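Participant: File follows, my_file05.tsv with TSV, C-alpha atoms:
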```tsv
chain	number	residue	atom	x	y	z
O	162	ASP	CA	-5.71	12.55	-27.99
O	163	ILE	CA	-4.40	14.77	-25.19
O	164	GLN	CA	-0.62	15.15	-25.17
O	165	MET	CA	1.19	15.42	-21.84
O	166	THR	CA	4.52	17.25	-21.80
O	167	GLN	CA	6.56	16.69	-18.68
O	168	SER	CA	9.61	18.66	-17.56
O	169	PRO	CA	12.39	18.38	-16.80
O	170	ALA	CA	13.29	15.00	-18.29
O	171	SER	CA	15.93	14.55	-15.62
O	172	LEU	CA	16.73	16.29	-12.38
O	173	SER	CA	19.55	16.14	-9.85
O	174	ALA	CA	18.88	17.38	-6.31
O	175	SER	CA	20.39	17.20	-2.82
O	176	LEU	CA	18.93	15.54	0.24
O	177	GLY	CA	16.56	17.90	2.04
O	178	GLU	CA	15.98	20.01	-1.06
O	179	THR	CA	12.53	20.84	-2.48
O	180	VAL	CA	11.91	19.51	-5.98
O	181	THR	CA	9.20	20.48	-8.47
O	182	ILE	CA	8.19	18.56	-11.60
O	183	GLU	CA	5.87	20.09	-14.16
O	184	CYS	CA	3.31	18.59	-16.52
O	185	ARG	CA	1.53	20.49	-19.28
O	186	ALA	CA	-1.53	19.15	-21.09
O	187	SER	CA	-2.34	20.01	-24.70
O	188	GLU	CA	-5.83	21.08	-23.58
O	189	ASP	CA	-7.74	21.67	-20.35
O	190	ILE	CA	-7.98	18.41	-18.37
O	191	TYR	CA	-10.07	19.82	-15.50
O	192	ASN	CA	-7.87	18.38	-12.73
O	193	GLY	CA	-8.07	14.88	-14.16
O	194	LEU	CA	-4.41	14.25	-13.38
O	195	ALA	CA	-2.46	11.62	-11.46
O	196	TRP	CA	1.22	11.37	-10.51
O	197	TYR	CA	3.13	8.10	-10.19
O	198	GLN	CA	6.52	7.14	-8.80
O	199	GLN	CA	8.46	4.30	-10.42
O	200	LYS	CA	11.65	2.88	-8.91
O	201	PRO	CA	14.05	0.87	-11.11
O	202	GLY	CA	12.71	-2.58	-11.95
O	203	LYS	CA	9.38	-1.88	-10.23
O	204	SER	CA	5.90	-0.94	-11.37
O	205	PRO	CA	4.53	2.61	-11.07
O	206	GLN	CA	2.94	3.52	-7.73
O	207	LEU	CA	0.17	6.09	-7.39
O	208	LEU	CA	1.13	9.24	-5.45
O	209	ILE	CA	-1.49	11.86	-6.31
O	210	TYR	CA	-4.91	11.79	-8.00
O	211	ASN	CA	-7.39	14.50	-8.96
O	212	ALA	CA	-4.35	16.79	-9.28
O	213	ASN	CA	-3.95	17.39	-5.53
O	214	SER	CA	-5.29	14.41	-3.52
O	215	LEU	CA	-2.71	12.29	-1.73
O	216	HIS	CA	-3.10	8.53	-2.21
O	217	THR	CA	-3.34	6.44	0.95
O	218	GLY	CA	0.02	5.83	2.59
O	219	VAL	CA	1.96	8.39	0.54
O	220	PRO	CA	4.19	10.66	2.68
O	221	SER	CA	2.94	14.20	3.16
O	222	ARG	CA	6.14	15.64	1.67
O	223	PHE	CA	4.55	14.88	-1.71
O	224	SER	CA	1.97	17.36	-2.97
O	225	GLY	CA	0.24	18.16	-6.24
O	226	SER	CA	-1.20	21.39	-7.57
O	227	GLY	CA	-2.36	23.06	-10.73
O	228	SER	CA	-5.38	23.58	-12.93
O	229	GLY	CA	-6.36	23.87	-16.56
O	230	THR	CA	-3.39	22.71	-18.59
O	231	GLN	CA	-0.57	23.24	-16.04
O	232	TYR	CA	0.15	20.89	-13.12
O	233	SER	CA	3.05	20.25	-10.79
O	234	LEU	CA	4.33	17.70	-8.31
O	235	LYS	CA	6.35	19.00	-5.38
O	236	ILE	CA	8.56	16.94	-3.11
O	237	ASN	CA	9.55	18.71	0.10
O	238	SER	CA	12.69	17.73	2.00
O	239	LEU	CA	13.96	15.18	-0.53
O	240	GLN	CA	14.79	11.77	0.94
O	241	SER	CA	17.08	9.09	-0.52
O	242	GLU	CA	14.08	6.79	-1.08
O	243	ASP	CA	12.56	9.39	-3.42
O	244	VAL	CA	15.15	8.60	-6.11
O	245	ALA	CA	12.92	7.32	-8.89
O	246	SER	CA	11.20	8.27	-12.13
O	247	TYR	CA	7.98	10.24	-11.92
O	248	PHE	CA	5.14	10.24	-14.45
O	249	CYS	CA	1.99	12.27	-14.85
O	250	GLN	CA	-1.18	10.81	-16.38
O	251	GLN	CA	-4.30	12.63	-17.51
O	252	TYR	CA	-7.68	10.92	-17.38
O	253	TYR	CA	-10.02	13.64	-18.58
O	254	ASP	CA	-9.94	11.82	-21.93
O	255	TYR	CA	-8.69	8.27	-22.52
O	256	PRO	CA	-5.51	7.98	-20.45
O	257	THR	CA	-2.20	9.36	-21.67
O	258	PHE	CA	1.08	9.70	-19.80
O	259	GLY	CA	3.88	12.21	-19.68
O	260	GLY	CA	7.35	11.17	-20.79
O	261	GLY	CA	8.68	10.97	-17.24
O	262	THR	CA	11.22	12.73	-15.02
O	263	LYS	CA	14.22	10.83	-13.69
O	264	LEU	CA	15.18	12.16	-10.25
O	265	GLU	CA	18.69	11.50	-8.97
O	266	LEU	CA	20.69	12.60	-5.94
O	267	LYS	CA	23.33	15.25	-6.39
C	24	GLN	CA	-4.82	-6.11	0.48
C	25	VAL	CA	-5.03	-5.49	-3.26
C	26	THR	CA	-2.61	-7.45	-5.44
C	27	LEU	CA	-2.40	-8.05	-9.17
C	28	LYS	CA	-0.06	-10.26	-11.18
C	29	GLU	CA	0.40	-10.53	-14.91
C	30	SER	CA	1.34	-13.66	-16.83
C	31	GLY	CA	2.30	-14.05	-20.47
C	32	PRO	CA	4.44	-16.04	-22.89
C	33	GLY	CA	7.65	-14.06	-22.47
C	34	ILE	CA	8.63	-14.29	-26.11
C	35	LEU	CA	6.69	-14.65	-29.35
C	36	GLN	CA	7.23	-14.22	-33.05
C	37	PRO	CA	6.06	-11.39	-35.30
C	38	SER	CA	2.45	-11.75	-36.50
C	39	GLN	CA	1.50	-13.98	-33.55
C	40	THR	CA	-1.25	-13.13	-31.07
C	41	LEU	CA	-0.27	-12.15	-27.54
C	42	SER	CA	-2.43	-13.49	-24.72
C	43	LEU	CA	-2.02	-11.96	-21.27
C	44	THR	CA	-3.69	-12.86	-17.98
C	45	CYS	CA	-4.09	-10.63	-14.94
C	46	SER	CA	-4.85	-12.50	-11.72
C	47	PHE	CA	-5.92	-10.28	-8.84
C	48	SER	CA	-7.11	-10.39	-5.26
C	49	GLY	CA	-8.41	-7.95	-2.68
C	50	PHE	CA	-11.22	-6.60	-4.84
C	51	SER	CA	-13.91	-7.86	-7.17
C	52	LEU	CA	-14.61	-6.85	-10.74
C	53	SER	CA	-18.29	-7.27	-9.94
C	54	THR	CA	-18.13	-4.30	-7.54
C	55	TYR	CA	-19.61	-1.04	-8.81
C	56	GLY	CA	-17.00	1.35	-10.17
C	57	MET	CA	-14.13	-1.12	-10.41
C	58	CYS	CA	-12.05	-1.70	-13.48
C	59	VAL	CA	-8.87	-3.41	-14.58
C	60	GLY	CA	-6.66	-1.69	-17.10
C	61	TRP	CA	-3.72	-2.77	-19.19
C	62	ILE	CA	-0.75	-0.44	-19.68
C	63	ARG	CA	2.56	-1.15	-21.38
C	64	GLN	CA	5.97	0.44	-21.06
C	65	SER	CA	8.74	0.38	-23.60
C	66	SER	CA	11.94	2.36	-23.75
C	67	GLY	CA	10.85	3.86	-27.03
C	68	LYS	CA	7.30	4.97	-26.21
C	69	GLY	CA	7.17	5.30	-22.43
C	70	LEU	CA	3.90	4.38	-20.72
C	71	GLU	CA	0.97	3.65	-23.02
C	72	TRP	CA	-2.57	2.83	-21.89
C	73	LEU	CA	-4.08	-0.04	-23.85
C	74	ALA	CA	-7.53	-0.94	-22.55
C	75	ASN	CA	-9.93	-0.95	-19.58
C	76	ILE	CA	-12.68	-3.36	-18.63
C	77	TRP	CA	-15.29	-2.29	-16.08
C	78	TRP	CA	-17.44	-4.03	-13.50
C	79	ASN	CA	-20.44	-3.83	-15.86
C	80	ASP	CA	-18.41	-5.31	-18.76
C	81	ASP	CA	-17.96	-1.96	-20.53
C	82	LYS	CA	-14.74	-2.00	-22.52
C	83	TYR	CA	-12.59	0.86	-23.73
C	84	TYR	CA	-9.60	0.70	-26.01
C	85	ASN	CA	-6.76	2.99	-27.03
C	86	PRO	CA	-7.98	4.28	-30.41
C	87	SER	CA	-4.56	3.85	-32.00
C	88	LEU	CA	-4.57	0.09	-31.24
C	89	LYS	CA	-8.30	-0.63	-31.04
C	90	ASN	CA	-8.48	-2.99	-34.03
C	91	ARG	CA	-5.82	-5.25	-32.50
C	92	LEU	CA	-7.02	-5.41	-28.89
C	93	THR	CA	-9.56	-7.57	-27.08
C	94	ILE	CA	-10.09	-7.27	-23.32
C	95	SER	CA	-12.23	-9.66	-21.28
C	96	LYS	CA	-12.74	-10.85	-17.72
C	97	ASP	CA	-13.65	-13.86	-15.61
C	98	THR	CA	-15.25	-12.32	-12.54
C	99	SER	CA	-15.73	-15.57	-10.66
C	100	ASN	CA	-12.00	-16.38	-10.87
C	101	ASN	CA	-10.75	-12.80	-10.38
C	102	GLN	CA	-8.99	-12.60	-13.70
C	103	ALA	CA	-8.80	-10.20	-16.62
C	104	PHE	CA	-7.34	-10.90	-20.04
C	105	LEU	CA	-5.89	-9.02	-22.97
C	106	LYS	CA	-5.25	-10.27	-26.47
C	107	ILE	CA	-3.20	-8.34	-29.00
C	108	THR	CA	-3.17	-9.60	-32.56
C	109	ASN	CA	-0.49	-9.27	-35.22
C	110	MET	CA	2.38	-8.58	-32.80
C	111	ASP	CA	5.40	-6.69	-34.11
C	112	THR	CA	8.87	-6.00	-32.73
C	113	ALA	CA	7.59	-2.52	-31.83
C	114	ASP	CA	5.23	-4.22	-29.33
C	115	THR	CA	8.17	-5.44	-27.24
C	116	ALA	CA	7.48	-3.99	-23.79
C	117	THR	CA	6.66	-4.68	-20.19
C	118	TYR	CA	2.91	-5.17	-19.86
C	119	TYR	CA	1.14	-4.16	-16.64
C	120	CYS	CA	-2.35	-4.68	-15.37
C	121	ALA	CA	-3.67	-2.25	-12.81
C	122	ARG	CA	-6.82	-1.57	-10.81
C	123	GLY	CA	-8.73	1.49	-11.84
C	124	SER	CA	-11.60	3.47	-10.44
C	125	SER	CA	-14.42	5.55	-11.82
C	126	HIS	CA	-11.91	8.33	-12.47
C	127	TRP	CA	-9.61	6.26	-14.68
C	128	TYR	CA	-6.40	6.55	-12.67
C	129	PHE	CA	-4.71	3.36	-11.46
C	130	ASP	CA	-4.25	2.87	-7.73
C	131	PHE	CA	-2.64	-0.59	-7.67
C	132	TRP	CA	-0.37	-2.16	-10.27
C	133	GLY	CA	1.00	-5.61	-10.89
C	134	PRO	CA	4.76	-6.17	-11.15
C	135	GLY	CA	4.55	-6.45	-14.95
C	136	THR	CA	5.44	-9.15	-17.44
C	137	MET	CA	8.10	-8.63	-20.09
C	138	VAL	CA	7.09	-9.54	-23.64
C	139	THR	CA	9.68	-9.75	-26.40
C	140	VAL	CA	8.69	-10.03	-30.03
C	141	SER	CA	11.46	-11.54	-32.08
C	142	SER	CA	11.92	-13.85	-35.03
```
Produce C-alpha coordinates that represent the structure in this file.
Facilitator:
Amino acid sequence: DIQMTQSPASLSASLGETVTIECRASEDIYNGLAWYQQKPGKSPQLLIYNANSLHTGVPSRFSGSGSGTQYSLKINSLQSEDVASYFCQQYYDYPTFGGGTKLELK
Amino acid sequence: QVTLKESGPGILQPSQTLSLTCSFSGFSLSTYGMCVGWIRQSSGKGLEWLANIWWNDDKYYNPSLKNRLTISKDTSNNQAFLKITNMDTADTATYYCARGSSHWYFDFWGPGTMVTVSS
(Lines of atoms letter the chains of each structure in order from A and count residues from 1; the text may use other names and numbers.)
(Lines give C-alpha, C1' and ligand atoms only; values in the text may rest on other atoms or scores of the structure.)
Protein backbone atom coordinates (compact mmCIF):
# COMPACT_ATOMS: atom_id res chain seq x y z
CA ASP A 1 0.00 0.00 0.00
CA ILE A 2 1.02 3.63 -0.53
CA GLN A 3 2.05 5.41 2.67
CA MET A 4 1.21 9.09 3.08
CA THR A 5 3.43 11.15 5.37
CA GLN A 6 1.99 14.49 6.35
CA SER A 7 3.83 17.39 7.99
CA PRO A 8 3.78 19.15 10.29
CA ALA A 9 1.58 17.22 12.72
CA SER A 10 0.54 20.48 14.33
CA LEU A 11 0.85 24.10 13.38
CA SER A 12 0.17 27.42 15.09
CA ALA A 13 -0.37 30.51 12.92
CA SER A 14 -1.73 34.05 13.17
CA LEU A 15 -4.78 35.48 11.45
CA GLY A 16 -3.90 36.71 7.97
CA GLU A 17 -0.82 34.50 7.75
CA THR A 18 -0.12 32.07 4.89
CA VAL A 19 0.07 28.42 5.94
CA THR A 20 1.49 25.45 4.04
CA ILE A 21 0.93 21.77 4.83
CA GLU A 22 2.95 19.07 3.10
CA CYS A 23 2.15 15.50 2.13
CA ARG A 24 4.67 12.99 0.81
CA ALA A 25 3.69 9.71 -0.83
CA SER A 26 5.84 6.59 -0.66
CA GLU A 27 5.66 6.35 -4.47
CA ASP A 28 4.45 8.43 -7.41
CA ILE A 29 0.67 8.97 -7.15
CA TYR A 30 0.31 10.93 -10.42
CA ASN A 31 -1.73 13.77 -8.89
CA GLY A 32 -4.27 11.37 -7.39
CA LEU A 33 -4.47 13.42 -4.21
CA ALA A 34 -7.25 15.07 -2.22
CA TRP A 35 -7.19 17.39 0.79
CA TYR A 36 -9.87 17.46 3.49
CA GLN A 37 -10.68 19.81 6.35
CA GLN A 38 -12.14 18.40 9.56
CA LYS A 39 -13.45 20.61 12.37
CA PRO A 40 -13.84 19.17 15.89
CA GLY A 41 -16.79 16.80 16.16
CA LYS A 42 -17.52 17.01 12.43
CA SER A 43 -16.85 14.83 9.42
CA PRO A 44 -14.09 15.60 6.89
CA GLN A 45 -15.01 18.02 4.09
CA LEU A 46 -13.39 17.91 0.66
CA LEU A 47 -11.25 20.95 -0.21
CA ILE A 48 -9.05 19.91 -3.13
CA TYR A 49 -9.03 16.97 -5.57
CA ASN A 50 -6.69 15.94 -8.37
CA ALA A 51 -3.96 17.71 -6.37
CA ASN A 52 -4.95 21.23 -7.45
CA SER A 53 -8.69 21.42 -8.27
CA LEU A 54 -10.85 23.38 -5.85
CA HIS A 55 -14.05 21.62 -4.75
CA THR A 56 -17.30 23.53 -5.28
CA GLY A 57 -17.90 26.18 -2.65
CA VAL A 58 -14.40 26.10 -1.15
CA PRO A 59 -12.89 29.59 -0.65
CA SER A 60 -10.19 30.56 -3.13
CA ARG A 61 -7.68 31.15 -0.32
CA PHE A 62 -7.21 27.37 -0.35
CA SER A 63 -4.96 25.96 -3.06
CA GLY A 64 -3.18 22.71 -3.79
CA SER A 65 -0.03 21.97 -5.73
CA GLY A 66 2.59 19.32 -6.29
CA SER A 67 3.42 16.31 -8.41
CA GLY A 68 5.04 12.92 -8.19
CA THR A 69 5.42 12.13 -4.51
CA GLN A 70 5.33 15.67 -3.04
CA TYR A 71 2.14 17.72 -2.55
CA SER A 72 1.13 20.74 -0.54
CA LEU A 73 -1.95 22.59 0.64
CA LYS A 74 -1.67 26.36 1.03
CA ILE A 75 -4.05 28.58 2.94
CA ASN A 76 -3.66 32.27 2.15
CA SER A 77 -4.76 34.93 4.63
CA LEU A 78 -5.70 32.55 7.45
CA GLN A 79 -9.19 33.08 8.87
CA SER A 80 -10.51 32.00 12.28
CA GLU A 81 -12.87 29.50 10.61
CA ASP A 82 -9.85 27.69 9.15
CA VAL A 83 -8.92 26.29 12.58
CA ALA A 84 -9.28 22.58 11.96
CA SER A 85 -7.39 19.40 11.18
CA TYR A 86 -6.33 18.79 7.60
CA PHE A 87 -5.78 15.42 5.92
CA CYS A 88 -4.41 14.35 2.58
CA GLN A 89 -5.64 11.22 0.79
CA GLN A 90 -4.12 9.48 -2.21
CA TYR A 91 -6.32 7.58 -4.64
CA TYR A 92 -3.84 6.41 -7.25
CA ASP A 93 -4.01 3.05 -5.46
CA TYR A 94 -6.67 1.97 -2.95
CA PRO A 95 -7.22 5.01 -0.73
CA THR A 96 -4.86 5.86 2.11
CA PHE A 97 -4.74 8.97 4.27
CA GLY A 98 -2.05 11.08 5.85
CA GLY A 99 -1.85 11.32 9.62
CA GLY A 100 -3.29 14.83 9.71
CA THR A 101 -2.21 18.36 10.62
CA LYS A 102 -3.89 20.20 13.47
CA LEU A 103 -4.00 23.94 12.74
CA GLU A 104 -4.48 26.33 15.64
CA LEU A 105 -4.42 30.11 16.03
CA LYS A 106 -1.39 31.70 17.59
CA GLN B 1 -28.47 18.55 -2.13
CA VAL B 2 -26.38 15.49 -1.31
CA THR B 3 -26.72 14.09 2.21
CA LEU B 4 -25.63 10.85 3.82
CA LYS B 5 -26.30 9.47 7.29
CA GLU B 6 -24.86 6.44 9.02
CA SER B 7 -26.64 4.25 11.54
CA GLY B 8 -25.26 1.47 13.71
CA PRO B 9 -25.59 -0.27 17.07
CA GLY B 10 -23.41 2.11 19.08
CA ILE B 11 -21.89 -0.61 21.21
CA LEU B 12 -21.19 -4.30 20.68
CA GLN B 13 -19.14 -7.05 22.22
CA PRO B 14 -15.89 -8.57 20.95
CA SER B 15 -16.36 -11.27 18.28
CA GLN B 16 -19.77 -9.89 17.25
CA THR B 17 -20.59 -8.73 13.73
CA LEU B 18 -21.04 -5.01 13.11
CA SER B 19 -23.83 -4.00 10.73
CA LEU B 20 -23.87 -0.43 9.45
CA THR B 21 -26.38 1.34 7.21
CA CYS B 22 -25.78 4.43 5.10
CA SER B 23 -28.94 6.23 4.02
CA PHE B 24 -28.40 8.89 1.37
CA SER B 25 -30.24 11.36 -0.80
CA GLY B 26 -29.43 13.74 -3.63
CA PHE B 27 -27.84 11.12 -5.86
CA SER B 28 -28.46 7.58 -7.04
CA LEU B 29 -26.18 4.58 -6.83
CA SER B 30 -27.57 3.52 -10.19
CA THR B 31 -25.93 6.55 -11.85
CA TYR B 32 -22.79 5.86 -13.86
CA GLY B 33 -19.61 6.60 -11.93
CA MET B 34 -21.15 6.88 -8.48
CA CYS B 35 -19.97 5.00 -5.45
CA VAL B 36 -20.42 4.92 -1.70
CA GLY B 37 -17.42 4.30 0.48
CA TRP B 38 -16.94 3.48 4.13
CA ILE B 39 -14.11 5.09 6.11
CA ARG B 40 -13.40 4.87 9.81
CA GLN B 41 -11.49 7.12 12.17
CA SER B 42 -9.95 6.17 15.46
CA SER B 43 -7.53 8.06 17.65
CA GLY B 44 -5.01 5.28 17.25
CA LYS B 45 -5.04 4.78 13.47
CA GLY B 46 -6.38 8.01 12.01
CA LEU B 47 -8.53 7.75 8.88
CA GLU B 48 -8.75 4.30 7.30
CA TRP B 49 -10.62 3.46 4.09
CA LEU B 50 -12.60 0.25 4.40
CA ALA B 51 -14.60 -0.44 1.23
CA ASN B 52 -16.32 1.02 -1.84
CA ILE B 53 -19.37 -0.14 -3.75
CA TRP B 54 -20.00 1.21 -7.25
CA TRP B 55 -23.04 1.91 -9.38
CA ASN B 56 -22.41 -1.32 -11.33
CA ASP B 57 -22.11 -3.35 -8.09
CA ASP B 58 -18.31 -3.60 -8.26
CA LYS B 59 -16.89 -3.88 -4.76
CA TYR B 60 -13.44 -3.07 -3.46
CA TYR B 61 -12.05 -3.75 -0.01
CA ASN B 62 -9.07 -2.65 2.03
CA PRO B 63 -6.71 -5.63 1.62
CA SER B 64 -5.77 -5.62 5.30
CA LEU B 65 -9.43 -6.16 6.33
CA LYS B 66 -10.85 -7.84 3.23
CA ASN B 67 -11.70 -11.18 4.85
CA ARG B 68 -13.85 -9.45 7.47
CA LEU B 69 -15.75 -6.97 5.29
CA THR B 70 -18.92 -7.23 3.20
CA ILE B 71 -20.34 -4.20 1.40
CA SER B 72 -23.73 -4.16 -0.33
CA LYS B 73 -26.40 -1.74 -1.54
CA ASP B 74 -30.13 -1.31 -1.99
CA THR B 75 -30.37 1.06 -4.94
CA SER B 76 -34.14 1.43 -4.86
CA ASN B 77 -34.08 2.61 -1.23
CA ASN B 78 -30.88 4.70 -1.51
CA GLN B 79 -28.96 2.72 1.06
CA ALA B 80 -25.56 1.10 1.36
CA PHE B 81 -24.45 -1.37 3.99
CA LEU B 82 -21.26 -2.62 5.58
CA LYS B 83 -20.76 -5.69 7.72
CA ILE B 84 -17.59 -6.33 9.69
CA THR B 85 -17.19 -9.71 11.31
CA ASN B 86 -15.26 -10.68 14.43
CA MET B 87 -15.15 -7.18 15.94
CA ASP B 88 -12.35 -6.37 18.37
CA THR B 89 -11.68 -3.49 20.75
CA ALA B 90 -9.23 -2.19 18.13
CA ASP B 91 -12.23 -1.64 15.81
CA THR B 92 -13.65 1.02 18.14
CA ALA B 93 -13.97 4.09 15.91
CA THR B 94 -16.27 6.55 14.24
CA TYR B 95 -17.54 5.04 11.00
CA TYR B 96 -18.34 7.31 8.05
CA CYS B 97 -20.00 6.69 4.73
CA ALA B 98 -19.19 9.05 1.90
CA ARG B 99 -20.02 9.58 -1.75
CA GLY B 100 -17.23 8.84 -4.15
CA SER B 101 -16.61 9.39 -7.82
CA SER B 102 -14.70 7.66 -10.56
CA HIS B 103 -11.50 9.07 -9.09
CA TRP B 104 -11.96 7.56 -5.63
CA TYR B 105 -11.96 10.74 -3.56
CA PHE B 106 -14.99 11.49 -1.38
CA ASP B 107 -16.92 14.69 -2.02
CA PHE B 108 -19.71 14.35 0.57
CA TRP B 109 -19.57 12.65 3.95
CA GLY B 110 -22.10 11.64 6.54
CA PRO B 111 -21.79 12.89 10.13
CA GLY B 112 -20.46 9.49 11.28
CA THR B 113 -21.62 6.93 13.81
CA MET B 114 -19.53 6.02 16.84
CA VAL B 115 -19.03 2.30 17.42
CA THR B 116 -17.55 1.03 20.68
CA VAL B 117 -16.44 -2.56 21.08
CA SER B 118 -16.38 -3.55 24.71
CA SER B 119 -17.08 -6.57 26.87
Participant: For Cys184 of chain O, which residue out of O:Ser168, O:Gln198, O:Gln206, O:Ser226 is the nearest one, using only C-alpha atoms?
Facilitator: O:Ser168
Participant: Provide as JSON, numbers by chain the residues of chain C at most 8 Å from chain O, counting all atoms listed in the file.
Facilitator: {"C": [69, 70, 71, 72, 85, 119, 126, 127, 128, 129, 130, 131, 132, 133, 134, 135]}
Participant: Output the selection as a CSV table (one decimal), keeping the file's coordinate frame - C-alpha atoms for each residue.
Facilitator:
```
chain,number,residue,atom,x,y,z
C,69,GLY,CA,7.2,5.3,-22.4
C,70,LEU,CA,3.9,4.4,-20.7
C,71,GLU,CA,1.0,3.6,-23.0
C,72,TRP,CA,-2.6,2.8,-21.9
C,85,ASN,CA,-6.8,3.0,-27.0
C,119,TYR,CA,1.1,-4.2,-16.6
C,126,HIS,CA,-11.9,8.3,-12.5
C,127,TRP,CA,-9.6,6.3,-14.7
C,128,TYR,CA,-6.4,6.6,-12.7
C,129,PHE,CA,-4.7,3.4,-11.5
C,130,ASP,CA,-4.2,2.9,-7.7
C,131,PHE,CA,-2.6,-0.6,-7.7
C,132,TRP,CA,-0.4,-2.2,-10.3
C,133,GLY,CA,1.0,-5.6,-10.9
C,134,PRO,CA,4.8,-6.2,-11.2
C,135,GLY,CA,4.6,-6.4,-15.0
```
Participant: Ranking O:Ser171, O:Thr179, O:Ser246, O:Ser187 by minimum distance to Phe223 of chain O and counting only C-alpha atoms, which one comes first?
Facilitator: O:Thr179
Participant: Report the distance between atom CA of Ser221 of chain O and atom CA of Ile236 of chain O in Å, rounded to one decimal place.
Facilitator: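 Separation between atom CA of Ser221 of chain O and atom CA of Ile236 of chain O: 8.9 Å.
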Participant: For Phe104 of chain C, which residue among C:Phe50, C:Trp78, C:Trp61, C:Tyr84 is the nearest when counting all atoms listed in the file?
Facilitator: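 Residue with the minimum atom-to-atom distance to Phe104 of chain C: C:Trp61.
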Participant: Distance atom CA of Val59 of chain C-atom CA of Asn90 of chain C, one decimal place?
Facilitator: 19.5 Å
Participant: Rounded to one decimal in Å, what is the spacing between atom CA of Cys120 of chain C and atom CA of Asn101 of chain C?
Facilitator: 12.7 Å
Participant: For Arg185 of chain O, which of O:Leu172, O:Leu215, O:Lys200, O:Gly229 is the closest residue, counting only C-alpha atoms?
Facilitator: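 When distances to Arg185 of chain O are compared using only C-alpha atoms, the smallest one comes from O:Gly229.
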Participant: Which residue out of O:Leu266, O:Ala186, O:Leu176, O:Ala245 has the minimum interatomic distance to Ile163 of chain O when all atoms listed in the file are used?
Facilitator: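 With all atoms listed in the file as the atom set, the closest residue is O:Ala186.
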Participant: Got a sec: who's within 8 Å of Ser38 of chain C, counting only C-alpha atoms, leaving out chain neighbours fewer than 3 positions off, as a list in words?
Facilitator: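 What passes the distance filter is Thr108, Asn109, Met110 and Asp111 of chain C.
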Participant: Output segment 223-234 of chain O as an mmCIF file, in the frame of the given file, making sure all heavy atoms are there.
Facilitator:
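Listing of selection.cif after writing:
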```cif
data_model
loop_
_atom_site.group_PDB
_atom_site.id
_atom_site.type_symbol
_atom_site.label_atom_id
_atom_site.label_comp_id
_atom_site.auth_asym_id
_atom_site.auth_seq_id
_atom_site.Cartn_x
_atom_site.Cartn_y
_atom_site.Cartn_z
ATOM 1 N N PHE O 223 4.986 14.825 -0.320
ATOM 2 C CA PHE O 223 4.550 14.880 -1.710
ATOM 3 C C PHE O 223 3.264 15.706 -1.795
ATOM 4 O O PHE O 223 2.348 15.534 -0.975
ATOM 5 C CB PHE O 223 4.272 13.487 -2.264
ATOM 6 C CG PHE O 223 5.511 12.644 -2.449
ATOM 7 C CD1 PHE O 223 5.952 11.821 -1.429
ATOM 8 C CD2 PHE O 223 6.220 12.673 -3.639
ATOM 9 C CE1 PHE O 223 7.093 11.032 -1.589
ATOM 10 C CE2 PHE O 223 7.354 11.900 -3.813
ATOM 11 C CZ PHE O 223 7.798 11.079 -2.783
ATOM 12 N N SER O 224 3.193 16.608 -2.760
ATOM 13 C CA SER O 224 1.970 17.360 -2.970
ATOM 14 C C SER O 224 1.798 17.669 -4.451
ATOM 15 O O SER O 224 2.782 17.758 -5.205
ATOM 16 C CB SER O 224 1.955 18.646 -2.148
ATOM 17 O OG SER O 224 3.001 19.506 -2.557
ATOM 18 N N GLY O 225 0.540 17.828 -4.855
ATOM 19 C CA GLY O 225 0.240 18.160 -6.240
ATOM 20 C C GLY O 225 -0.594 19.427 -6.299
ATOM 21 O O GLY O 225 -1.361 19.732 -5.380
ATOM 22 N N SER O 226 -0.433 20.169 -7.382
ATOM 23 C CA SER O 226 -1.200 21.390 -7.570
ATOM 24 C C SER O 226 -1.383 21.645 -9.056
ATOM 25 O O SER O 226 -0.793 20.944 -9.902
ATOM 26 C CB SER O 226 -0.515 22.583 -6.900
ATOM 27 O OG SER O 226 0.741 22.824 -7.519
ATOM 28 N N GLY O 227 -2.168 22.657 -9.345
ATOM 29 C CA GLY O 227 -2.360 23.060 -10.730
ATOM 30 C C GLY O 227 -3.813 23.089 -11.138
ATOM 31 O O GLY O 227 -4.709 22.708 -10.373
ATOM 32 N N SER O 228 -4.046 23.536 -12.354
ATOM 33 C CA SER O 228 -5.380 23.580 -12.930
ATOM 34 C C SER O 228 -5.255 23.807 -14.429
ATOM 35 O O SER O 228 -4.164 24.147 -14.918
ATOM 36 C CB SER O 228 -6.216 24.697 -12.289
ATOM 37 O OG SER O 228 -5.626 25.954 -12.561
ATOM 38 N N GLY O 229 -6.366 23.627 -15.124
ATOM 39 C CA GLY O 229 -6.360 23.870 -16.560
ATOM 40 C C GLY O 229 -5.429 22.937 -17.293
ATOM 41 O O GLY O 229 -5.674 21.735 -17.362
ATOM 42 N N THR O 230 -4.356 23.506 -17.843
ATOM 43 C CA THR O 230 -3.390 22.710 -18.590
ATOM 44 C C THR O 230 -2.056 22.542 -17.865
ATOM 45 O O THR O 230 -1.192 21.806 -18.336
ATOM 46 C CB THR O 230 -3.109 23.328 -19.972
ATOM 47 O OG1 THR O 230 -2.553 24.637 -19.795
ATOM 48 C CG2 THR O 230 -4.390 23.427 -20.805
ATOM 49 N N GLN O 231 -1.865 23.231 -16.717
ATOM 50 C CA GLN O 231 -0.570 23.240 -16.040
ATOM 51 C C GLN O 231 -0.667 22.620 -14.649
ATOM 52 O O GLN O 231 -1.472 23.060 -13.824
ATOM 53 C CB GLN O 231 -0.058 24.676 -15.920
ATOM 54 C CG GLN O 231 0.118 25.398 -17.237
ATOM 55 C CD GLN O 231 1.483 25.148 -17.867
ATOM 56 O OE1 GLN O 231 2.223 24.257 -17.437
ATOM 57 N NE2 GLN O 231 1.826 25.912 -18.883
ATOM 58 N N TYR O 232 0.178 21.611 -14.391
ATOM 59 C CA TYR O 232 0.150 20.890 -13.120
ATOM 60 C C TYR O 232 1.574 20.659 -12.642
ATOM 61 O O TYR O 232 2.522 20.649 -13.455
ATOM 62 C CB TYR O 232 -0.583 19.557 -13.291
ATOM 63 C CG TYR O 232 -2.025 19.760 -13.684
ATOM 64 C CD1 TYR O 232 -2.386 19.926 -15.022
ATOM 65 C CD2 TYR O 232 -3.019 19.854 -12.718
ATOM 66 C CE1 TYR O 232 -3.702 20.167 -15.381
ATOM 67 C CE2 TYR O 232 -4.337 20.089 -13.060
ATOM 68 C CZ TYR O 232 -4.669 20.243 -14.398
ATOM 69 O OH TYR O 232 -5.980 20.485 -14.747
ATOM 70 N N SER O 233 1.722 20.499 -11.330
ATOM 71 C CA SER O 233 3.050 20.250 -10.790
ATOM 72 C C SER O 233 2.996 19.292 -9.618
ATOM 73 O O SER O 233 1.994 19.193 -8.909
ATOM 74 C CB SER O 233 3.725 21.560 -10.387
ATOM 75 O OG SER O 233 2.966 22.209 -9.395
ATOM 76 N N LEU O 234 4.090 18.582 -9.449
ATOM 77 C CA LEU O 234 4.330 17.700 -8.310
ATOM 78 C C LEU O 234 5.484 18.287 -7.529
ATOM 79 O O LEU O 234 6.534 18.580 -8.106
ATOM 80 C CB LEU O 234 4.672 16.285 -8.780
ATOM 81 C CG LEU O 234 5.126 15.300 -7.697
ATOM 82 C CD1 LEU O 234 3.952 14.905 -6.814
ATOM 83 C CD2 LEU O 234 5.760 14.056 -8.328
#
```
